[in-house]
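Everything on this sheet refers to the single structure shown next.
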Amino acid sequence: KTAYELMPSLVGSEMCIRVSYNTGYILEGMENFGNIDEVVLFGAGINKNGNTLVTSGGRVLGVTALGSCLDEAISKAYEYADKIKFDNK
């Protein structure tokens with residue numbers, strides 16, 4: 001018997017598309033994701049300033065979560081996406 005698990009990705013971006021972006025907003029809530037095997041984060045428009053993650057452009061984040069069924073995986077993706085905080089989210 002083969003067990004299948006699903007990993008959908010929830011992709012979010014800044015509220016509006018612009019030619020230039022405000023930068024330097026601190027991203028909070030991502031620091032604890034490294035110890036969670038069922039969630040993977042992807043990001044663009046993010047820099048590191050010392051030990052702090054900050055926005056550096058259009059802010060695109062992908063939260064991918066593992067679940068035994070699609071509903072469970074989607075719920076986890078939203079749960080973890082809600083933990084990430086930054087201005088103009």
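We name chains A, B, ... following the order of the structure tokens; residues begin at 1 in each chain, and ligands are numbered from 1 as shown.
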* Do a neighbour search on stretch 49-61 of chain A at 8 Å with only C-alpha atoms, toss out local chain neighbours closer than 6 positions, and write the hits as JSON, numbers by chain. => {"A": [11, 12, 13, 14, 17, 20, 21, 22, 23, 24, 25, 26, 27, 28, 41, 42, 43]}
* Can you pull out every residue within 12 Å of A:Ile36, counting only C-alpha atoms, but drop anything in the same chain fewer than 3 positions away, and send it as a list in words? =>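 In the requested format, the answer is Met30, Glu31, Asn32, Phe33, Val39, Val40, Leu41, Thr64, Ala65, Leu66, Lys76 and Tyr80 of chain A.
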* Best match for closeness to A:Leu10 among A:Gly34, A:Gly62, A:Gly45, A:Gly29, counting only C-alpha atoms ->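 The answer is A:Gly62, which sits nearest to A:Leu10.
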* Select from chain A everything DSSP, run on the backbone, classes as strand (DSSP E or B), then give the selection as JSON, numbers by chain. => {"A": [6, 9, 10, 11, 12, 13, 26, 28, 39, 40, 41, 42, 43, 44, 45, 46, 47, 48, 49, 52, 53, 54, 55, 56, 57, 58, 59, 60, 61, 62, 63, 64, 65, 67, 85]}
* To do: Could you check how far atom CA of A:Tyr78 sits from atom CA of A:Asn47, in Å to one decimal?
  => 23.2 Å
* Work out how far apart atom CA of A:Ile74 and atom CA of A:Asn35 are and give it in Å to one decimal. => 19.5 Å
* Using DSSP on the backbone coordinates, identify all residues within chain A classified as alpha helix (DSSP H); present the result as a list in words. =>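 Listing alpha helix (DSSP H) positions across chain A yields Leu70, Asp71, Glu72, Ala73, Ile74, Ser75, Lys76, Ala77, Tyr78, Glu79, Tyr80 and Ala81 of chain A.
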* To do: Grab the atom CA of A:Ala44 to atom CA of A:Val63 distance for me, in Å with one decimal place.
  => 12.1 Å
* With only C-alpha atoms as the basis for distance, which of A:Ser75, A:Asp82, A:Cys69, A:Asp87 is at the shortest distance from A:Glu5? ->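 The answer is A:Cys69, which sits nearest to A:Glu5.
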